[in-house]
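Asker: CSV, C-alpha atoms, file coords.csv:
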```
chain,number,residue,atom,x,y,z
A,1,MET,CA,18.8,-1.4,-10.3
A,2,GLN,CA,20.8,-4.4,-11.6
A,3,GLU,CA,18.4,-4.8,-14.5
A,4,ILE,CA,18.3,-1.1,-15.2
A,5,ARG,CA,22.1,-0.9,-15.2
A,6,LYS,CA,22.3,-4.0,-17.5
A,7,SER,CA,19.9,-2.3,-20.0
A,8,ALA,CA,21.9,0.9,-19.8
A,9,LYS,CA,25.2,-0.9,-20.5
A,10,GLU,CA,23.7,-2.4,-23.7
A,11,LYS,CA,22.3,0.9,-24.9
A,12,MET,CA,25.4,3.0,-24.0
A,13,LYS,CA,28.0,0.6,-25.4
A,14,GLY,CA,30.9,2.6,-26.8
A,15,TYR,CA,30.0,5.7,-24.8
A,16,CYS,CA,29.7,4.5,-21.2
A,17,ARG,CA,30.8,1.2,-19.7
A,18,VAL,CA,28.4,1.5,-16.8
A,19,CYS,CA,31.2,0.5,-14.4
A,20,PRO,CA,30.4,-1.0,-11.0
A,21,VAL,CA,31.9,2.2,-9.6
A,22,CYS,CA,31.5,5.3,-11.8
A,23,ASN,CA,34.9,6.8,-10.9
A,24,GLY,CA,36.2,8.2,-14.3
A,25,LYS,CA,39.2,5.8,-14.6
A,26,ALA,CA,38.0,3.6,-17.4
A,27,CYS,CA,36.7,6.5,-19.5
A,28,ALA,CA,39.5,9.0,-19.0
A,29,GLY,CA,39.8,11.5,-21.9
A,30,GLU,CA,36.6,10.3,-23.5
A,31,VAL,CA,35.0,13.6,-24.4
A,32,PRO,CA,32.6,13.4,-26.3
A,33,GLY,CA,31.4,10.5,-24.2
A,34,MET,CA,30.9,10.3,-20.4
A,35,GLY,CA,34.5,10.7,-19.3
A,36,GLY,CA,36.7,13.5,-17.9
A,37,LEU,CA,38.8,15.8,-20.0
A,38,GLY,CA,42.4,15.0,-20.8
A,39,THR,CA,43.9,12.6,-18.2
A,40,GLY,CA,40.5,12.5,-16.4
A,41,SER,CA,42.1,13.6,-13.2
A,42,ALA,CA,39.4,16.2,-12.4
A,43,PHE,CA,36.7,13.5,-12.6
A,44,VAL,CA,38.8,11.2,-10.4
A,45,ALA,CA,39.6,14.0,-8.0
A,46,ASN,CA,35.8,14.5,-7.3
A,47,MET,CA,35.6,10.9,-6.4
A,48,GLU,CA,38.7,10.7,-4.3
A,49,ALA,CA,38.0,13.9,-2.4
A,50,LEU,CA,34.6,12.7,-1.3
A,51,ASP,CA,35.9,9.2,-0.6
A,52,ALA,CA,38.5,10.6,1.7
A,53,MET,CA,35.8,11.8,4.1
A,54,ARG,CA,34.9,9.1,6.6
A,55,PHE,CA,31.9,8.9,8.8
A,56,ASN,CA,31.9,8.7,12.6
A,57,MET,CA,29.4,6.1,13.5
A,58,LYS,CA,27.1,7.0,16.4
A,59,LEU,CA,24.5,4.7,17.7
A,60,VAL,CA,23.6,5.7,21.2
A,61,HIS,CA,20.7,8.1,20.4
A,62,ASN,CA,17.0,8.2,19.6
A,63,VAL,CA,17.1,9.0,15.9
A,64,LYS,CA,14.9,6.3,14.3
A,65,GLU,CA,13.0,8.2,11.5
A,66,PRO,CA,15.2,11.1,10.4
A,67,VAL,CA,13.7,14.0,8.4
A,68,THR,CA,14.9,14.1,4.8
A,69,GLU,CA,12.5,16.8,3.5
A,70,THR,CA,14.0,20.3,2.8
A,71,GLU,CA,13.2,23.5,1.1
A,72,PHE,CA,15.3,26.1,-0.8
A,73,LEU,CA,14.8,28.4,-3.7
A,74,GLY,CA,11.1,28.2,-2.9
A,75,LEU,CA,11.1,24.5,-3.8
A,76,SER,CA,9.9,21.8,-1.5
A,77,LEU,CA,11.9,18.6,-1.9
A,78,SER,CA,11.6,15.1,-0.4
A,79,MET,CA,15.4,15.2,0.1
A,80,PRO,CA,18.2,17.7,-0.7
A,81,LEU,CA,18.8,16.4,-4.2
A,82,MET,CA,18.3,17.4,-7.8
A,83,ALA,CA,19.2,15.7,-11.1
A,84,ALA,CA,22.0,17.7,-12.7
A,85,PRO,CA,21.5,19.2,-16.1
A,86,ILE,CA,22.8,16.7,-18.7
A,87,GLY,CA,21.8,16.7,-22.4
A,88,GLY,CA,23.1,15.3,-25.7
A,89,VAL,CA,22.0,11.7,-25.6
A,90,SER,CA,23.0,11.1,-29.2
A,91,PHE,CA,26.7,12.2,-28.9
A,92,ASN,CA,27.4,11.6,-25.2
A,93,MET,CA,25.3,8.5,-24.4
A,94,GLY,CA,25.0,6.5,-27.6
A,95,GLY,CA,21.5,7.5,-28.7
A,96,GLY,CA,19.9,4.4,-27.2
A,97,VAL,CA,16.9,6.5,-26.3
A,98,SER,CA,15.7,9.7,-27.8
A,99,GLU,CA,16.5,13.1,-26.3
A,100,GLU,CA,12.8,13.7,-25.7
A,101,ASP,CA,12.3,10.3,-23.9
A,102,TYR,CA,15.5,10.7,-21.9
A,103,ILE,CA,14.8,14.2,-20.4
A,104,ASP,CA,11.1,13.4,-19.9
A,105,ALA,CA,12.2,10.4,-17.8
A,106,ILE,CA,14.5,12.7,-15.7
A,107,VAL,CA,11.9,15.5,-15.1
A,108,SER,CA,8.9,13.3,-14.7
A,109,GLY,CA,10.7,10.7,-12.5
A,110,CYS,CA,12.0,13.4,-10.2
A,111,LYS,CA,8.6,15.0,-9.9
A,112,ALA,CA,7.0,11.7,-9.1
A,113,LYS,CA,9.5,11.3,-6.2
A,114,GLY,CA,9.2,14.9,-4.9
A,115,LEU,CA,12.4,16.1,-6.4
A,116,ILE,CA,13.5,18.5,-9.2
A,117,GLY,CA,15.1,17.5,-12.5
A,118,CYS,CA,17.3,19.9,-14.3
A,119,THR,CA,17.6,20.1,-18.1
A,120,GLY,CA,20.6,20.9,-20.2
A,121,ASP,CA,21.5,23.0,-23.2
A,122,GLY,CA,23.7,22.5,-26.3
A,123,VAL,CA,24.2,23.0,-30.0
A,124,PRO,CA,21.5,20.8,-31.4
A,125,PRO,CA,18.3,22.7,-30.6
A,126,VAL,CA,16.6,19.5,-29.6
A,127,ILE,CA,18.5,19.5,-26.3
A,128,HIS,CA,17.0,22.7,-24.9
A,129,GLU,CA,13.7,22.2,-26.8
A,130,ALA,CA,13.1,18.7,-25.3
A,131,GLY,CA,14.1,20.0,-21.9
A,132,TYR,CA,11.7,22.9,-21.9
A,133,ALA,CA,8.9,20.7,-23.3
A,134,ALA,CA,9.5,18.2,-20.4
A,135,ILE,CA,9.4,21.0,-17.8
A,136,LYS,CA,6.2,22.5,-19.3
A,137,LYS,CA,4.6,19.1,-19.4
A,138,ALA,CA,5.4,18.7,-15.7
A,139,GLY,CA,3.7,22.0,-14.9
A,140,GLY,CA,6.9,24.0,-14.5
A,141,HIS,CA,8.4,21.4,-12.2
A,142,GLY,CA,12.0,21.6,-13.4
A,143,ILE,CA,15.0,23.8,-13.8
A,144,GLY,CA,16.4,24.7,-17.2
A,145,PHE,CA,20.1,25.5,-17.4
A,146,ILE,CA,21.4,27.8,-20.2
A,147,LYS,CA,25.0,27.9,-21.4
A,148,PRO,CA,26.8,31.3,-21.5
A,149,TRP,CA,26.1,32.0,-25.2
A,150,GLU,CA,26.3,35.3,-26.9
A,151,GLU,CA,23.7,37.8,-25.7
A,152,LYS,CA,21.0,37.3,-28.4
A,153,GLU,CA,20.8,33.5,-28.2
A,154,PHE,CA,21.1,33.6,-24.4
A,155,PHE,CA,18.1,35.9,-23.9
A,156,GLU,CA,16.0,34.1,-26.5
A,157,LYS,CA,16.5,30.9,-24.4
A,158,LEU,CA,15.8,32.7,-21.2
A,159,GLU,CA,12.4,33.7,-22.6
A,160,LYS,CA,11.7,30.1,-23.5
A,161,ALA,CA,12.7,29.1,-20.0
A,162,GLU,CA,10.2,31.6,-18.5
A,163,ALA,CA,7.5,30.2,-20.8
A,164,THR,CA,7.8,26.7,-19.2
A,165,GLY,CA,6.2,28.0,-16.0
A,166,ALA,CA,9.4,27.2,-14.0
A,167,SER,CA,10.3,29.5,-11.1
A,168,VAL,CA,14.1,28.9,-11.2
A,169,PHE,CA,16.7,28.8,-14.0
A,170,GLY,CA,20.4,28.5,-14.1
A,171,VAL,CA,23.6,29.1,-16.1
A,172,ASP,CA,26.3,26.5,-16.2
A,173,ILE,CA,29.2,28.9,-16.5
A,174,ASP,CA,31.5,26.0,-16.1
A,175,ALA,CA,30.6,25.0,-19.7
A,176,ALA,CA,32.7,28.0,-20.9
A,177,GLY,CA,35.5,25.6,-21.9
A,178,LEU,CA,33.6,22.7,-23.4
A,179,VAL,CA,35.6,21.2,-26.2
A,180,THR,CA,32.5,19.7,-27.8
A,181,LEU,CA,30.8,23.1,-28.3
A,182,ALA,CA,34.0,24.7,-29.7
A,183,LYS,CA,34.3,21.8,-32.2
A,184,MET,CA,30.8,22.5,-33.4
A,185,GLY,CA,31.7,26.1,-34.0
A,186,ARG,CA,29.6,27.4,-31.1
A,187,PRO,CA,32.1,28.3,-28.3
A,188,VAL,CA,30.7,29.7,-25.1
A,189,THR,CA,32.5,32.2,-22.9
A,190,PRO,CA,33.0,33.3,-19.3
A,191,MET,CA,30.7,36.1,-17.9
A,192,THR,CA,31.5,39.2,-15.8
A,193,VAL,CA,29.7,40.3,-12.7
A,194,ASP,CA,27.9,42.9,-14.8
A,195,ASP,CA,26.9,40.2,-17.3
A,196,LEU,CA,25.4,38.1,-14.5
A,197,SER,CA,23.7,41.1,-12.9
A,198,LYS,CA,22.1,42.0,-16.2
A,199,VAL,CA,20.7,38.5,-16.6
A,200,ILE,CA,19.4,38.4,-13.0
A,201,LYS,CA,17.7,41.8,-13.3
A,202,SER,CA,16.0,40.8,-16.6
A,203,THR,CA,13.7,38.1,-15.0
A,204,SER,CA,11.6,37.4,-12.0
A,205,MET,CA,12.9,33.8,-11.9
A,206,LYS,CA,15.4,32.8,-9.2
A,207,PHE,CA,18.9,32.3,-10.5
A,208,ILE,CA,21.5,29.5,-10.0
A,209,LEU,CA,25.1,30.0,-11.1
A,210,LYS,CA,26.7,26.6,-11.7
A,211,GLY,CA,30.5,26.1,-11.9
A,212,VAL,CA,31.8,27.9,-8.8
A,213,MET,CA,35.1,26.4,-7.6
A,214,THR,CA,36.6,29.3,-5.7
A,215,VAL,CA,35.7,31.8,-3.0
A,216,HIS,CA,36.4,34.5,-5.5
A,217,ASP,CA,33.7,33.3,-7.9
A,218,ALA,CA,31.3,32.7,-5.0
A,219,LEU,CA,31.6,36.3,-3.9
A,220,CYS,CA,31.2,37.5,-7.5
A,221,ALA,CA,27.9,35.5,-7.7
A,222,LYS,CA,26.8,37.0,-4.4
A,223,GLU,CA,27.7,40.5,-5.7
A,224,ALA,CA,25.7,39.9,-8.9
A,225,GLY,CA,22.6,38.9,-6.9
A,226,ALA,CA,22.5,35.1,-7.5
A,227,ASP,CA,20.1,33.2,-5.4
A,228,ALA,CA,22.3,30.0,-5.4
A,229,ILE,CA,25.5,28.6,-6.7
A,230,VAL,CA,26.6,25.0,-7.6
A,231,VAL,CA,30.1,24.1,-6.6
A,232,SER,CA,31.0,22.2,-9.7
A,233,ASN,CA,33.9,21.5,-12.1
A,234,HIS,CA,31.4,20.2,-14.7
A,235,GLY,CA,32.1,16.6,-13.8
A,236,GLY,CA,35.8,17.1,-14.8
A,237,ARG,CA,34.8,17.7,-18.4
A,238,VAL,CA,36.2,21.2,-19.0
A,239,LEU,CA,39.6,21.5,-17.2
A,240,ASP,CA,42.1,18.9,-16.3
A,241,SER,CA,43.8,18.9,-12.9
A,242,THR,CA,41.2,20.8,-10.9
A,243,PRO,CA,40.5,19.8,-7.2
A,244,GLY,CA,37.5,17.7,-6.2
A,245,THR,CA,34.4,19.7,-5.3
A,246,ALA,CA,34.5,18.2,-1.8
A,247,GLU,CA,37.9,19.8,-1.3
A,248,VAL,CA,36.7,23.4,-2.0
A,249,LEU,CA,33.2,23.2,-0.7
A,250,PRO,CA,33.9,24.0,3.0
A,251,GLU,CA,35.7,27.3,2.3
A,252,ILE,CA,33.1,28.4,-0.2
A,253,ALA,CA,30.3,27.5,2.2
A,254,GLU,CA,32.0,29.4,5.0
A,255,ALA,CA,32.3,32.5,2.8
A,256,VAL,CA,28.7,32.7,1.4
A,257,GLY,CA,26.7,29.8,2.9
A,258,GLY,CA,24.7,32.1,5.2
A,259,GLU,CA,23.7,34.4,2.4
A,260,MET,CA,22.7,32.1,-0.5
A,261,THR,CA,21.9,28.5,-1.3
A,262,ILE,CA,24.9,26.3,-1.8
A,263,LEU,CA,24.5,23.2,-4.0
A,264,VAL,CA,27.3,20.9,-5.1
A,265,ASP,CA,27.9,18.1,-7.6
A,266,GLY,CA,30.8,15.9,-8.5
A,267,GLY,CA,31.4,12.3,-7.5
A,268,ILE,CA,28.2,11.9,-5.5
A,269,ARG,CA,27.1,8.3,-6.0
A,270,SER,CA,25.1,7.3,-2.9
A,271,GLY,CA,22.9,8.6,-0.1
A,272,GLY,CA,26.0,8.5,2.1
A,273,ASP,CA,27.7,10.9,-0.3
A,274,ILE,CA,24.8,13.2,-0.1
A,275,LEU,CA,25.1,13.3,3.7
A,276,LYS,CA,28.9,14.0,3.4
A,277,MET,CA,28.3,17.0,1.2
A,278,LEU,CA,25.7,18.4,3.6
A,279,ALA,CA,28.2,17.9,6.5
A,280,LEU,CA,30.8,19.9,4.4
A,281,GLY,CA,28.4,22.9,4.1
A,282,ALA,CA,26.1,22.3,1.2
A,283,HIS,CA,22.3,22.8,1.4
A,284,GLY,CA,21.7,20.3,-1.3
A,285,VAL,CA,23.4,18.3,-4.1
A,286,MET,CA,23.1,17.5,-7.8
A,287,ILE,CA,23.9,14.1,-9.3
A,288,GLY,CA,24.7,13.7,-13.0
A,289,ARG,CA,26.0,10.6,-14.6
A,290,PRO,CA,24.2,8.0,-12.4
A,291,PHE,CA,20.9,9.7,-13.2
A,292,SER,CA,21.7,9.4,-16.9
A,293,ILE,CA,22.4,5.7,-16.6
A,294,ALA,CA,19.1,5.2,-14.7
A,295,ALA,CA,17.2,7.1,-17.4
A,296,VAL,CA,18.8,5.4,-20.4
A,297,GLY,CA,18.4,2.0,-18.7
A,298,GLY,CA,14.9,2.3,-17.4
A,299,LEU,CA,13.4,5.6,-18.4
A,300,GLN,CA,11.1,7.1,-15.8
A,301,GLN,CA,10.9,3.8,-13.8
A,302,GLY,CA,14.7,3.7,-13.8
A,303,VAL,CA,14.9,7.3,-12.4
A,304,GLU,CA,12.3,6.6,-9.7
A,305,THR,CA,14.1,3.4,-8.7
A,306,TYR,CA,17.4,5.2,-8.4
A,307,ILE,CA,15.9,7.9,-6.3
A,308,GLU,CA,14.3,5.3,-4.0
A,309,THR,CA,17.8,3.7,-3.6
A,310,LEU,CA,19.4,7.0,-2.7
A,311,HIS,CA,16.7,7.8,-0.2
A,312,THR,CA,17.1,4.4,1.5
A,313,GLN,CA,20.9,5.0,1.7
A,314,LEU,CA,20.5,8.5,3.0
A,315,VAL,CA,18.2,7.4,5.8
A,316,GLN,CA,20.5,4.6,6.7
A,317,ALA,CA,23.5,7.0,6.9
A,318,MET,CA,21.6,9.5,9.0
A,319,VAL,CA,20.5,6.8,11.5
A,320,LEU,CA,24.1,5.5,11.7
A,321,THR,CA,25.5,8.9,12.4
A,322,GLY,CA,22.8,10.1,14.7
A,323,THR,CA,21.6,12.8,12.3
A,324,ASP,CA,18.0,13.6,12.8
A,325,ASN,CA,17.4,16.2,10.1
A,326,VAL,CA,19.0,17.1,6.7
A,327,ASN,CA,18.6,20.7,7.5
A,328,ARG,CA,21.0,20.5,10.5
A,329,VAL,CA,23.8,18.2,9.6
A,330,GLU,CA,26.8,18.6,11.9
A,331,SER,CA,30.3,18.6,10.4
A,332,GLY,CA,31.3,16.4,13.3
A,333,ILE,CA,29.8,13.3,11.7
A,334,LEU,CA,32.9,13.3,9.5
A,335,ARG,CA,36.3,12.2,10.6
```
What do you get writing this file as structure tokens?
Answerer:
Amino acid sequence: MQEIRKSAKEKMKGYCRVCPVCNGKACAGEVPGMGGLGTGSAFVANMEALDAMRFNMKLVHNVKEPVTETEFLGLSLSMPLMAAPIGGVSFNMGGGVSEEDYIDAIVSGCKAKGLIGCTGDGVPPVIHEAGYAAIKKAGGHGIGFIKPWEEKEFFEKLEKAEATGASVFGVDIDAAGLVTLAKMGRPVTPMTVDDLSKVIKSTSMKFILKGVMTVHDALCAKEAGADAIVVSNHGGRVLDSTPGTAEVLPEIAEAVGGEMTILVDGGIRSGGDILKMLALGAHGVMIGRPFSIAAVGGLQQGVETYIETLHTQLVQAMVLTGTDNVNRVESGILR
């Protein structure tokens, strides 16, 4: 990982410093770029909320080989993790690798390690085109996310998503305030329950709504018929001064966790962080920026190496907290 991060730092110069700890402080306000919007407090809040959770170590037990495999949305995963949808290598990451090579590394690397890579969407057509091509190449093994565009463009992209062979797609409704899209003359907007219901009923694919930060929106997603939600503030890139995702996750999980799949992103940097989010009520997590660094720095091998690192850390955290299975993580492992 040291060599991969060194390579990424050279290729992402001026866009991402590849800090020893990716906490949003050095890149505050750098949008476009990899930072958080405005003061960057929402990005930092994700980190601080998760860091505030401490593990209770537990070593008198017989957990030696914990189970990390899980299944949700009809997908079998080697651990409860997906690569979050991120696109725009040229204007967010320095263009050190092509959009096609980048997203292929994400999707193929995840598939090779028994995980799912998600693909992004944006104004340059190459973002969604490269993403869908990578998913199709992987035999439908990926999840494409579509931004909440106007109806005509949205449903055209949904048809393209269906053509990849994927069984799941998502909408990152938290992109509704992206400054970068507005500056390009292509603003995206919020969606109503009826809007979401229309989308869900128009396809046989399972549906994920990304960008849920309140119980209200979680209940709306449930009402619309969503199969899953992602508790997310878009990495702190759309609204300053939001709470960290780890702060709001427990109340959202309590409200709808028994009726739909709950995923979460924001500030997750290690296998221990994955376990923390599971203890707070998530069924799985998404990781964004660190996957981008791994892909830019080492392409598919970089992605696979990062996944191996996370798996080792997750197993270690499970053993040291007496957790035998990722599908039954107790909240009591956190202090």
Asker: May I have the residues within 6 Å of region 40-43 of chain A as an NGL selection string, using only C-alpha atoms and disregarding those fewer than 3 positions away in the same chain?
Answerer: :A and (24 or 28-29 or 36-37 or 46 or 235-236 or 240-242)
Asker: My list of candidates is A:Val89, A:Val231, A:Cys19, A:Ala8. Which is closest to Gly122 (chain A) when distances are computed with all atoms listed in the file?
Answerer: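 Of the candidates, the smallest distance to Gly122 (chain A) is held by A:Val89.
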Asker: Do you have the CA of Glu151 (chain A)-CA of Ile127 (chain A) distance handy?
Answerer: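 So the answer is 19.0 Å.
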Asker: Counting all atoms listed in the file, which of A:Thr312, A:Thr189, A:Ser167, A:Ser232 gets nearest to Met205 (chain A)?
Answerer: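 When distances to Met205 (chain A) are compared using all atoms listed in the file, the smallest one comes from A:Ser167.
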Asker: Give me the residues near region 316-318 of chain A as a ChimeraX atom specification, where near means some atom within 10 Å (using all atoms listed in the file) and where sequence neighbours in that chain fewer than 3 positions away do not count.
Answerer: /A:55,57-58,63-68,270-276,310-313,321-326,329,333
Asker: When distances are computed from only C-alpha atoms, which of A:Ala226, A:Pro290, A:Lys183, A:Cys220 shows the smallest separation from Val18 (chain A)?
Answerer: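 Checking each of A:Ala226, A:Pro290, A:Lys183, A:Cys220 against Val18 (chain A), counting only C-alpha atoms, the winner is A:Pro290.
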Asker: Please determine the residues with any atom at most 7 Å from (18.8, -0.2, -23.9) (coordinates as given in the file, with only C-alpha atoms counting) and report them as a PyMOL selection string.
Answerer: chain A and resi 7-8+10-11+96+296-297
Asker: Could you list, as a list in words, every residue within 8 Å of region 253-257 of chain A, counting all atoms listed in the file and ignoring same-chain residues fewer than 6 positions away?
Answerer: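 The filter keeps Val215, Ala218, Leu219, Lys222, Leu280, Gly281 and Ala282 of chain A.
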Asker: So which one's closest to Asn62 (chain A), A:Leu320, A:Arg335, A:Glu162, A:Gly74? Using all atoms listed in the file, please.
Answerer: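 The answer is A:Leu320, which sits nearest to Asn62 (chain A).
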Asker: Ranking A:Pro124, A:Cys110, A:Ser197, A:Gly131 by minimum distance to Gly185 (chain A) and counting only C-alpha atoms, which one comes first?
Answerer: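 When distances to Gly185 (chain A) are compared using only C-alpha atoms, the smallest one comes from A:Pro124.
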Asker: For Met277 (chain A), work out the shell of residues within 10 Å, counting only C-alpha atoms and skipping chain neighbours fewer than 6 positions away, then give it as an NGL selection string.
Answerer: :A and (50 or 53 or 245-246 or 249-250 or 263-265 or 268 or 283-285 or 329 or 331)
Asker: Name the closest residue to Glu223 (chain A) among the candidates A:Lys198, A:Arg237, A:Arg17, A:His141; distances are taken between atoms, counting all atoms listed in the file.
Answerer: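 Selected residue with least distance to Glu223 (chain A): A:Lys198.
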Asker: Within 8 Å of (37.9, 15.5, -4.5), all atoms listed in the file: residues as a ChimeraX atom specification?
Answerer: /A:44-52,243-247,267
Asker: Please indicate the distance in Å from CA of Glu259 (chain A) to CA of Asn233 (chain A), rounded to one decimal place.
Answerer: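 Atom-to-atom, CA of Glu259 (chain A) to CA of Asn233 (chain A), that is 21.9 Å.
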Asker: Which residues are close to Gly120 (chain A), i.e. within 6 Å by only C-alpha atoms, leaving aside same-chain residues fewer than 4 positions away? Reply as a list in words.
Answerer: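 Near Gly120 (chain A), the qualifying residues are Pro85, Ile86, Gly87 and Phe145 of chain A.
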Asker: Rounded to one decimal, what separation in Å do you get between CA of Val315 (chain A) and CA of Lys113 (chain A)?
Answerer: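 Taking CA of Val315 (chain A) and CA of Lys113 (chain A), their separation equals 15.3 Å.
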Asker: Export region 6-18 of chain A of the preceding structure, keeping N, CA, C and O atoms, as an mmCIF file, in the first residue's frame.
Answerer:
```cif
data_model
loop_
_atom_site.group_PDB
_atom_site.id
_atom_site.type_symbol
_atom_site.label_atom_id
_atom_site.label_comp_id
_atom_site.auth_asym_id
_atom_site.auth_seq_id
_atom_site.Cartn_x
_atom_site.Cartn_y
_atom_site.Cartn_z
ATOM 1 N N LYS A 6 2.172 6.161 -2.800
ATOM 2 C CA LYS A 6 3.214 7.032 -3.347
ATOM 3 C C LYS A 6 2.920 7.350 -4.807
ATOM 4 O O LYS A 6 3.037 8.502 -5.251
ATOM 5 N N SER A 7 2.532 6.336 -5.571
ATOM 6 C CA SER A 7 2.181 6.530 -6.981
ATOM 7 C C SER A 7 0.973 7.441 -7.115
ATOM 8 O O SER A 7 0.938 8.338 -7.964
ATOM 9 N N ALA A 8 -0.025 7.228 -6.267
ATOM 10 C CA ALA A 8 -1.238 8.050 -6.313
ATOM 11 C C ALA A 8 -0.921 9.501 -6.004
ATOM 12 O O ALA A 8 -1.466 10.423 -6.632
ATOM 13 N N LYS A 9 -0.045 9.732 -5.063
ATOM 14 C CA LYS A 9 0.310 11.105 -4.677
ATOM 15 C C LYS A 9 0.935 11.861 -5.834
ATOM 16 O O LYS A 9 0.672 13.057 -6.037
ATOM 17 N N GLU A 10 1.752 11.169 -6.623
ATOM 18 C CA GLU A 10 2.376 11.794 -7.793
ATOM 19 C C GLU A 10 1.341 12.096 -8.863
ATOM 20 O O GLU A 10 1.343 13.177 -9.464
ATOM 21 N N LYS A 11 0.415 11.159 -9.091
ATOM 22 C CA LYS A 11 -0.574 11.323 -10.155
ATOM 23 C C LYS A 11 -1.699 12.292 -9.778
ATOM 24 O O LYS A 11 -2.340 12.858 -10.657
ATOM 25 N N MET A 12 -1.952 12.448 -8.484
ATOM 26 C CA MET A 12 -3.063 13.288 -8.038
ATOM 27 C C MET A 12 -2.595 14.641 -7.504
ATOM 28 O O MET A 12 -3.359 15.369 -6.862
ATOM 29 N N LYS A 13 -1.358 15.001 -7.775
ATOM 30 C CA LYS A 13 -0.792 16.248 -7.271
ATOM 31 C C LYS A 13 -1.658 17.437 -7.691
ATOM 32 O O LYS A 13 -2.016 17.583 -8.850
ATOM 33 N N GLY A 14 -1.997 18.260 -6.711
ATOM 34 C CA GLY A 14 -2.839 19.418 -6.989
ATOM 35 C C GLY A 14 -4.313 19.144 -6.819
ATOM 36 O O GLY A 14 -5.122 20.077 -6.828
ATOM 37 N N TYR A 15 -4.667 17.869 -6.654
ATOM 38 C CA TYR A 15 -6.069 17.475 -6.493
ATOM 39 C C TYR A 15 -6.303 16.721 -5.189
ATOM 40 O O TYR A 15 -7.360 16.820 -4.593
ATOM 41 N N CYS A 16 -5.313 15.943 -4.779
ATOM 42 C CA CYS A 16 -5.396 15.184 -3.534
ATOM 43 C C CYS A 16 -3.977 15.006 -3.017
ATOM 44 O O CYS A 16 -3.082 14.620 -3.773
ATOM 45 N N ARG A 17 -3.791 15.309 -1.736
ATOM 46 C CA ARG A 17 -2.451 15.219 -1.151
ATOM 47 C C ARG A 17 -2.124 13.803 -0.673
ATOM 48 O O ARG A 17 -1.012 13.541 -0.239
ATOM 49 N N VAL A 18 -3.092 12.904 -0.726
ATOM 50 C CA VAL A 18 -2.921 11.543 -0.228
ATOM 51 C C VAL A 18 -2.312 11.598 1.175
ATOM 52 O O VAL A 18 -1.231 11.063 1.450
#
```
